[in-house]
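Structure data follow from target-v6.csv (CSV, C-alpha atoms):
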```csv
chain,number,residue,atom,x,y,z
L,1,MET,CA,-112.1,-120.3,76.1
L,2,ALA,CA,-111.5,-119.7,79.8
L,3,LEU,CA,-109.5,-116.6,80.6
L,4,LEU,CA,-106.7,-117.2,83.0
L,5,VAL,CA,-106.3,-114.5,85.5
L,6,ALA,CA,-104.2,-113.8,88.6
L,7,ALA,CA,-105.4,-112.5,91.9
L,8,SER,CA,-103.4,-109.7,93.6
L,9,GLY,CA,-103.7,-108.8,97.3
L,10,CYS,CA,-106.6,-106.5,96.4
L,11,GLY,CA,-108.6,-109.3,94.7
L,12,LEU,CA,-109.6,-110.3,91.2
L,13,THR,CA,-108.2,-108.2,88.4
L,14,SER,CA,-110.1,-109.1,85.2
L,15,GLY,CA,-112.4,-111.6,83.6
L,16,SER,CA,-114.4,-112.2,80.5
L,17,PRO,CA,-118.1,-113.1,79.9
L,18,MET,CA,-118.8,-116.8,79.2
L,19,ALA,CA,-120.6,-116.8,75.9
L,20,ASP,CA,-121.4,-120.5,75.3
L,21,ASP,CA,-124.4,-121.1,73.1
L,22,VAL,CA,-126.1,-123.4,75.6
L,23,ARG,CA,-129.7,-124.2,76.5
L,24,PRO,CA,-131.1,-126.2,79.4
L,25,GLY,CA,-130.8,-130.0,79.2
L,26,SER,CA,-131.6,-131.9,82.3
L,27,VAL,CA,-130.5,-128.9,84.3
L,28,GLY,CA,-131.6,-125.3,84.0
L,29,ARG,CA,-135.1,-126.0,82.8
L,30,GLY,CA,-137.3,-122.9,83.0
L,31,GLU,CA,-134.2,-120.7,83.2
L,32,PRO,CA,-134.6,-120.0,87.0
L,33,LEU,CA,-131.5,-117.8,87.0
L,34,LYS,CA,-132.6,-115.5,84.2
L,35,GLY,CA,-131.6,-111.9,85.2
L,36,ALA,CA,-128.8,-113.1,87.5
L,37,ARG,CA,-125.2,-111.8,86.9
L,38,LEU,CA,-122.9,-114.3,88.4
L,39,THR,CA,-119.1,-114.6,88.6
L,40,VAL,CA,-117.5,-118.0,88.7
L,41,THR,CA,-114.0,-118.6,89.9
L,42,SER,CA,-111.5,-121.5,90.3
L,43,LYS,CA,-107.9,-122.3,91.0
L,44,SER,CA,-105.4,-122.4,88.2
L,45,PHE,CA,-104.6,-126.2,87.9
L,46,THR,CA,-106.3,-128.3,85.2
L,47,GLU,CA,-109.1,-129.9,87.4
L,48,GLY,CA,-109.9,-126.5,88.9
L,49,LEU,CA,-110.3,-124.9,85.4
L,50,ILE,CA,-112.5,-127.7,84.3
L,51,LEU,CA,-114.7,-127.6,87.3
L,52,GLY,CA,-115.1,-123.9,87.2
L,53,THR,CA,-116.1,-124.0,83.6
L,54,ILE,CA,-118.6,-126.8,84.3
L,55,MET,CA,-120.2,-124.6,86.9
L,56,GLY,CA,-120.3,-121.6,84.6
L,57,ILE,CA,-121.9,-123.5,81.8
L,58,ALA,CA,-124.6,-124.9,84.1
L,59,LEU,CA,-125.4,-121.4,85.3
L,60,GLU,CA,-125.5,-120.1,81.7
L,61,ALA,CA,-127.9,-122.8,80.7
L,62,ALA,CA,-130.2,-121.8,83.6
L,63,GLY,CA,-130.3,-118.2,82.2
L,64,ALA,CA,-127.6,-116.4,84.1
L,65,GLU,CA,-125.1,-114.0,82.6
L,66,VAL,CA,-121.7,-115.5,83.8
L,67,LEU,CA,-118.4,-113.8,84.2
L,68,ASP,CA,-115.5,-116.2,83.9
L,69,ARG,CA,-112.8,-115.5,86.5
L,70,THR,CA,-111.3,-119.0,86.6
L,71,GLY,CA,-107.6,-119.6,86.9
L,72,ILE,CA,-106.7,-117.8,90.1
L,73,GLN,CA,-103.1,-118.6,91.2
L,74,GLY,CA,-102.6,-120.2,94.7
L,75,SER,CA,-104.8,-122.0,97.0
L,76,ILE,CA,-106.6,-119.2,98.9
L,77,GLY,CA,-107.3,-116.7,96.1
L,78,SER,CA,-110.5,-118.2,94.7
L,79,ARG,CA,-111.9,-118.9,98.2
L,80,GLU,CA,-111.2,-115.3,99.3
L,81,ALA,CA,-112.9,-114.0,96.1
L,82,VAL,CA,-116.1,-115.9,97.0
L,83,ARG,CA,-115.9,-115.0,100.7
L,84,LYS,CA,-115.5,-111.3,99.9
L,85,GLY,CA,-118.2,-111.2,97.2
L,86,GLU,CA,-115.8,-110.5,94.4
L,87,ALA,CA,-117.0,-113.8,92.9
L,88,ASP,CA,-120.2,-115.7,93.5
L,89,ALA,CA,-119.2,-119.4,93.4
L,90,GLY,CA,-116.6,-122.0,92.6
L,91,TYR,CA,-115.8,-125.6,93.3
L,92,GLU,CA,-113.6,-126.2,96.4
L,93,TYR,CA,-112.4,-129.3,98.2
L,94,THR,CA,-113.7,-130.3,101.6
L,95,GLY,CA,-110.4,-131.4,103.0
L,96,THR,CA,-108.7,-128.2,101.9
L,97,ALA,CA,-111.3,-126.1,103.6
L,98,TRP,CA,-111.2,-128.1,106.8
L,99,ILE,CA,-107.4,-128.3,107.1
L,100,THR,CA,-106.0,-125.3,105.2
L,101,TYR,CA,-108.6,-122.7,105.6
L,102,LEU,CA,-110.4,-123.6,108.9
L,103,GLY,CA,-107.1,-124.7,110.5
L,104,HIS,CA,-108.0,-128.2,111.8
L,105,SER,CA,-105.1,-130.6,112.1
L,106,LYS,CA,-107.1,-133.8,112.1
L,107,PRO,CA,-109.4,-134.7,109.1
L,108,ILE,CA,-112.8,-136.4,109.5
L,109,THR,CA,-112.6,-139.8,108.0
L,110,ASP,CA,-116.3,-140.0,106.9
L,111,PRO,CA,-116.6,-137.9,103.7
L,112,ARG,CA,-120.2,-136.9,104.4
L,113,ARG,CA,-119.4,-135.8,108.0
L,114,GLN,CA,-116.4,-133.9,106.7
L,115,TRP,CA,-118.5,-131.9,104.3
L,116,GLU,CA,-121.2,-131.3,107.0
L,117,ALA,CA,-118.5,-130.0,109.4
L,118,VAL,CA,-117.1,-127.7,106.7
L,119,ARG,CA,-120.6,-126.4,105.8
L,120,GLU,CA,-121.5,-125.7,109.4
L,121,GLU,CA,-118.2,-123.9,110.3
L,122,ASP,CA,-117.9,-122.0,107.1
L,123,ALA,CA,-121.4,-120.5,107.4
L,124,ALA,CA,-119.8,-118.0,109.9
L,125,ASN,CA,-117.5,-116.9,107.1
L,126,GLY,CA,-120.5,-116.1,104.8
L,127,LEU,CA,-119.9,-119.2,102.7
L,128,ALA,CA,-122.5,-121.8,101.8
L,129,TRP,CA,-121.5,-125.3,100.7
L,130,LEU,CA,-123.8,-127.2,98.4
L,131,ARG,CA,-124.0,-131.0,98.1
L,132,PRO,CA,-120.6,-132.6,97.5
L,133,SER,CA,-119.5,-134.9,94.7
L,134,SER,CA,-117.8,-138.3,95.1
L,135,LEU,CA,-114.8,-136.8,93.2
L,136,ASP,CA,-112.1,-137.2,95.9
L,137,ASN,CA,-108.8,-135.6,94.8
L,138,THR,CA,-106.7,-137.1,97.6
L,139,TYR,CA,-103.3,-138.9,98.0
L,140,ALA,CA,-102.6,-142.5,97.0
L,141,LEU,CA,-99.8,-144.9,96.1
L,142,ALA,CA,-99.8,-146.3,92.6
L,143,MET,CA,-97.7,-148.8,90.6
L,144,ASN,CA,-97.4,-149.9,87.0
L,145,GLN,CA,-99.0,-153.1,85.7
L,146,ASP,CA,-95.8,-155.2,85.8
L,147,ASN,CA,-95.1,-154.4,89.4
L,148,ALA,CA,-98.8,-154.9,90.3
L,149,ARG,CA,-98.6,-158.4,88.9
L,150,LYS,CA,-95.1,-159.0,90.5
L,151,TYR,CA,-96.0,-157.9,94.0
L,152,GLY,CA,-99.8,-158.5,94.0
L,153,THR,CA,-100.6,-155.6,96.3
L,154,LYS,CA,-104.1,-154.1,96.1
L,155,THR,CA,-104.4,-152.2,99.4
L,156,MET,CA,-102.2,-150.1,101.6
L,157,SER,CA,-102.4,-152.9,104.2
L,158,ASP,CA,-100.9,-155.2,101.5
L,159,VAL,CA,-98.1,-152.7,101.0
L,160,ALA,CA,-97.4,-152.6,104.8
L,161,GLU,CA,-97.3,-156.4,104.9
L,162,LEU,CA,-94.9,-156.5,101.9
L,163,ALA,CA,-92.7,-153.9,103.6
L,164,GLU,CA,-92.4,-156.3,106.6
L,165,SER,CA,-91.8,-159.5,104.6
L,166,ASP,CA,-89.6,-158.0,101.9
L,167,PRO,CA,-88.3,-154.6,102.9
L,168,ASP,CA,-86.4,-153.9,99.7
L,169,ALA,CA,-89.5,-154.4,97.6
L,170,VAL,CA,-91.3,-151.3,99.0
L,171,LYS,CA,-89.5,-148.3,97.5
L,172,LEU,CA,-91.4,-145.1,97.4
L,173,CYS,CA,-91.2,-142.0,95.2
L,174,VAL,CA,-92.9,-139.0,96.9
L,175,GLU,CA,-93.0,-135.2,96.8
L,176,VAL,CA,-91.1,-133.3,99.4
L,177,GLU,CA,-94.3,-132.0,100.9
L,178,PHE,CA,-95.8,-135.4,101.2
L,179,ALA,CA,-92.7,-136.7,102.8
L,180,ASN,CA,-93.1,-134.2,105.7
L,181,ARG,CA,-96.9,-133.7,106.1
L,182,ALA,CA,-98.7,-135.3,109.0
L,183,ASP,CA,-101.4,-136.4,106.5
L,184,GLY,CA,-98.6,-137.7,104.2
L,185,LEU,CA,-95.8,-140.2,104.6
L,186,PRO,CA,-95.2,-140.0,108.4
L,187,GLY,CA,-98.9,-140.4,109.3
L,188,MET,CA,-99.4,-143.1,106.6
L,189,GLN,CA,-96.6,-145.2,108.0
L,190,LYS,CA,-98.0,-144.8,111.5
L,191,ARG,CA,-101.5,-145.7,110.5
L,192,TYR,CA,-100.6,-148.8,108.6
L,193,GLY,CA,-97.7,-149.9,110.9
L,194,MET,CA,-95.4,-149.5,107.9
L,195,ASN,CA,-91.7,-149.2,108.3
L,196,VAL,CA,-90.0,-148.0,105.1
L,197,PRO,CA,-86.4,-147.1,105.8
L,198,ALA,CA,-85.2,-143.7,104.6
L,199,ARG,CA,-82.9,-145.3,102.0
L,200,ASN,CA,-86.1,-146.6,100.2
L,201,VAL,CA,-87.8,-143.2,100.0
L,202,THR,CA,-86.9,-140.9,97.1
L,203,GLN,CA,-88.2,-137.3,96.9
L,204,MET,CA,-88.8,-135.8,93.5
L,205,ASP,CA,-91.1,-133.5,91.6
L,206,THR,CA,-94.7,-134.6,90.9
L,207,GLY,CA,-94.3,-135.1,87.1
L,208,ILE,CA,-91.2,-137.2,87.5
L,209,ILE,CA,-93.0,-139.5,90.0
L,210,TYR,CA,-95.6,-140.4,87.4
L,211,THR,CA,-93.1,-141.1,84.7
L,212,GLN,CA,-90.8,-143.1,87.0
L,213,THR,CA,-93.7,-145.1,88.4
L,214,ALA,CA,-94.9,-145.9,84.9
L,215,LYS,CA,-91.4,-147.1,83.9
L,216,GLY,CA,-91.2,-149.2,87.0
L,217,SER,CA,-88.2,-147.4,88.4
L,218,CYS,CA,-90.4,-146.4,91.3
L,219,PRO,CA,-92.3,-149.5,92.5
L,220,TYR,CA,-94.7,-147.2,94.5
L,221,GLY,CA,-95.3,-143.6,93.5
L,222,GLU,CA,-97.3,-141.0,95.4
L,223,VAL,CA,-100.2,-139.8,93.1
L,224,PHE,CA,-103.4,-137.8,93.3
L,225,THR,CA,-106.5,-139.9,92.8
L,226,THR,CA,-108.1,-137.8,90.1
L,227,ASP,CA,-104.9,-137.2,88.0
L,228,GLY,CA,-105.4,-138.0,84.3
L,229,ARG,CA,-102.0,-139.6,84.2
L,230,ILE,CA,-103.3,-142.5,86.2
L,231,LYS,CA,-105.5,-143.4,83.3
L,232,SER,CA,-103.1,-142.5,80.5
L,233,MET,CA,-100.2,-144.4,82.1
L,234,ASN,CA,-102.4,-147.4,83.1
L,235,LEU,CA,-101.3,-147.2,86.8
L,236,VAL,CA,-102.8,-149.3,89.5
L,237,VAL,CA,-103.9,-147.4,92.6
L,238,MET,CA,-103.6,-148.9,96.1
L,239,ASP,CA,-106.9,-148.8,98.1
L,240,ASP,CA,-106.6,-146.8,101.3
L,241,ASP,CA,-108.4,-149.5,103.2
L,242,LYS,CA,-107.9,-147.9,106.6
L,243,GLU,CA,-109.2,-144.6,105.3
L,244,PHE,CA,-106.1,-142.6,106.4
L,245,PHE,CA,-105.9,-140.0,103.7
L,246,PRO,CA,-108.1,-136.9,104.1
L,247,ASN,CA,-111.2,-136.6,102.0
L,248,TYR,CA,-110.9,-133.9,99.3
L,249,ASN,CA,-114.4,-134.1,97.8
L,250,ALA,CA,-115.2,-131.3,95.4
L,251,ALA,CA,-118.3,-129.3,96.2
L,252,PRO,CA,-119.7,-125.9,95.1
L,253,MET,CA,-118.8,-123.1,97.5
L,254,VAL,CA,-121.2,-120.2,97.1
L,255,ASN,CA,-121.3,-116.7,98.6
L,256,ALA,CA,-124.2,-116.9,101.1
L,257,LYS,CA,-125.7,-113.6,100.1
L,258,THR,CA,-125.7,-114.7,96.4
L,259,LEU,CA,-127.4,-118.0,97.3
L,260,LYS,CA,-130.0,-116.2,99.4
L,261,GLU,CA,-130.8,-114.0,96.4
L,262,TRP,CA,-130.7,-116.8,93.9
L,263,PRO,CA,-131.6,-120.1,95.7
L,264,ALA,CA,-132.1,-121.9,92.4
L,265,ILE,CA,-128.3,-122.1,92.1
L,266,ALA,CA,-128.5,-125.2,94.4
L,267,ASP,CA,-131.1,-126.9,92.1
L,268,VAL,CA,-129.0,-126.1,89.1
L,269,LEU,CA,-125.7,-127.4,90.4
L,270,ASP,CA,-126.7,-130.4,92.5
L,271,PRO,CA,-127.4,-132.8,89.6
L,272,VAL,CA,-124.2,-131.6,87.9
L,273,THR,CA,-122.1,-132.2,91.0
L,274,ALA,CA,-123.7,-135.7,91.4
L,275,ARG,CA,-122.2,-136.8,88.1
L,276,LEU,CA,-118.7,-135.9,89.1
L,277,ASN,CA,-116.5,-138.8,90.3
L,278,ASN,CA,-112.8,-139.9,90.1
L,279,ALA,CA,-113.3,-141.8,86.8
L,280,VAL,CA,-114.8,-138.7,85.2
L,281,ALA,CA,-112.1,-136.4,86.6
L,282,ARG,CA,-109.3,-138.7,85.4
L,283,ASP,CA,-110.8,-138.8,81.9
L,284,LEU,CA,-111.4,-135.0,81.6
L,285,ASN,CA,-108.0,-134.2,83.2
L,286,ALA,CA,-106.2,-136.5,80.8
L,287,ARG,CA,-107.8,-134.9,77.8
L,288,VAL,CA,-106.2,-131.6,78.9
L,289,ASP,CA,-102.9,-132.7,80.5
L,290,VAL,CA,-102.1,-135.6,78.2
L,291,ASP,CA,-103.9,-134.8,74.9
L,292,GLY,CA,-103.5,-131.1,75.1
L,293,GLU,CA,-107.1,-130.1,74.7
L,294,ASP,CA,-108.6,-126.9,76.0
L,295,PRO,CA,-110.2,-127.1,79.5
L,296,HIS,CA,-113.2,-125.1,78.5
L,297,GLN,CA,-114.0,-127.2,75.4
L,298,VAL,CA,-113.5,-130.4,77.4
L,299,ALA,CA,-115.9,-129.2,80.1
L,300,LEU,CA,-118.5,-128.1,77.5
L,301,GLU,CA,-118.3,-131.4,75.6
L,302,TRP,CA,-118.8,-133.4,78.8
L,303,MET,CA,-121.8,-131.3,79.8
L,304,VAL,CA,-123.4,-131.8,76.4
L,305,GLY,CA,-122.5,-135.5,76.3
L,306,GLU,CA,-124.1,-136.0,79.7
L,307,GLY,CA,-127.3,-134.3,78.5
L,308,LEU,CA,-126.9,-131.7,81.2
L,309,VAL,CA,-127.1,-128.9,78.7
L,310,ARG,CA,-127.7,-128.6,75.0
L,311,GLU,CA,-125.9,-126.5,72.4
L,312,GLY,CA,-127.6,-124.1,70.1
```

Have the structure of the file written as structure tokens, please.
Amino acid sequence: MALLVAASGCGLTSGSPMADDVRPGSVGRGEPLKGARLTVTSKSFTEGLILGTIMGIALEAAGAEVLDRTGIQGSIGSREAVRKGEADAGYEYTGTAWITYLGHSKPITDPRRQWEAVREEDAANGLAWLRPSSLDNTYALAMNQDNARKYGTKTMSDVAELAESDPDAVKLCVEVEFANRADGLPGMQKRYGMNVPARNVTQMDTGIIYTQTAKGSCPYGEVFTTDGRIKSMNLVVMDDDKEFFPNYNAAPMVNAKTLKEWPAIADVLDPVTARLNNAVARDLNARVDVDGEDPHQVALEWMVGEGLVREG
């Protein structure tokens, strides 16, 4: 069971040892991290907890003693813990690092180049970025199956065309933040040449957006591409065919000193990260957010099911 902790201004406050009875599967053979004492951290939302646990289990299987400090509140706490050496590693998102932490206003559209730019710039902060996953937790518009059949849109360009030919058909439900961010609604409309009048845009909380989109009350709802509710509510996601939305690919962020001391961390985590994609994330997130399962158990069962580690 992952212990949820909060970070104060002084850093991490507590944690608990991970004590999973795991052995190497396809990762961790030869236990190259035997003797290492590593602290894993994460943000507090479901996907963060799952990813942090996945990382910790992989390191355990490779022989490390792992302290679980997942579940830090807020965006910057887990990053600062790794940067300051209070934690050794955690999964982070390339777009978050580039825009929020490194202060760039314009994202890089190519996901590989985005990761490379973050890796290069963050090296000066004592942070090393390992290979990224294809898991991309970014924005999207989605609709229910009935509306998908009714309007026939599959891409954002299709939505823009529909907004021009039938303005009343394109009604959006979005978060307040998305409605005002440059990489949200204003930029999206500009990129796609989309003109949705203010009367057709309703701002509401995230959870309500999903339920209203599923009911069809919102023809188009703003969603996050790895949210488990997309799967459980059988929503159809519009393809961002002009690659407007930033890339938020999950990748391991490791304290550079830790990686220098234990370079095998990269060999252990790379094959795990390579298995992570949006479909996997939606399934695992849904098991927690929709089915009420424990994030740690969900992560462990996935690792075992993939043959990455073995139990017992």

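Counting all atoms listed in the file and comparing L:Met143, L:Asp158, L:Pro132, L:Leu102, the residue that lies closest to Ala274 in chain L is L:Pro132.
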
Near range 90-95 of chain L, within 6 Å and counting only C-alpha atoms, which residues show up once chain neighbours fewer than 5 positions away are dropped, as an NGL selection string?
:L and (40-42 or 52 or 115 or 247-253)

Dump as a CSV table (one decimal), in the frame of the given file, selection limited to C-alpha atoms:
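selection_32.csv, freshly written:
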```csv
chain,number,residue,atom,x,y,z
L,40,VAL,CA,-117.5,-118.0,88.7
L,41,THR,CA,-114.0,-118.6,89.9
L,42,SER,CA,-111.5,-121.5,90.3
L,52,GLY,CA,-115.1,-123.9,87.2
L,115,TRP,CA,-118.5,-131.9,104.3
L,247,ASN,CA,-111.2,-136.6,102.0
L,248,TYR,CA,-110.9,-133.9,99.3
L,249,ASN,CA,-114.4,-134.1,97.8
L,250,ALA,CA,-115.2,-131.3,95.4
L,251,ALA,CA,-118.3,-129.3,96.2
L,252,PRO,CA,-119.7,-125.9,95.1
L,253,MET,CA,-118.8,-123.1,97.5
```

So that I can see what lies close to Gly63 in chain L, please list as a ChimeraX atom specification the residues with an atom at most 6 Å from it, counting all atoms listed in the file and leaving out residues fewer than 6 positions away in the same chain.
/L:31,33-34

Give the answer as one residue: which of L:Thr226, L:Thr138, L:Thr211, L:Asn147 has the shortest atom-to-atom distance to Gly184 in chain L, using only C-alpha atoms?
L:Thr138

Which residues come within 9 Å of range 233-245 of chain L, counting only C-alpha atoms, excluding same-chain residues fewer than 6 positions away, as an MDAnalysis selection string?
chainID L and resid 107 109:110 138:145 148 153:159 183:184 187:188 191:192 210:211 213:214 223 225

Pick from L:Ser16, L:Asn125, L:Thr96, L:Ser232, whichever lies nearest to Val254 in chain L using all atoms listed in the file:
L:Asn125

Which polymer residues have any atom within 10 Å of an atom of Val196 in chain L, counting all atoms listed in the file, with same-chain residues fewer than 2 positions away left out, as an MDAnalysis selection string?
chainID L and resid 160 163:164 167:172 185 189 193:194 198:201

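Using all atoms listed in the file for every distance, the candidate list L:Ala286, L:Ala182, L:Val272, L:Ile50 yields L:Ala182 as the residue closest to Ser105 in chain L.
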
CA of Leu276 in chain L and CA of Thr53 in chain L, how far apart in Å?
13.4 Å

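In this comparison, which uses only C-alpha atoms, the residue of L:Glu293, L:Asp146, L:Glu177, L:Asp136 approaching Tyr220 in chain L most closely is L:Asp146.
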
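Nearest residue to Ala256 in chain L among L:Ala58, L:Ala179, L:Ala123, L:Ala97 is L:Ala123, counting only C-alpha atoms.
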
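The gap separating CA of Pro246 in chain L from CA of Gly77 in chain L is 21.7 Å, in Å to one decimal.
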
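The spacing separating CA of Phe178 in chain L from CA of Ser133 in chain L amounts to 24.6 Å.
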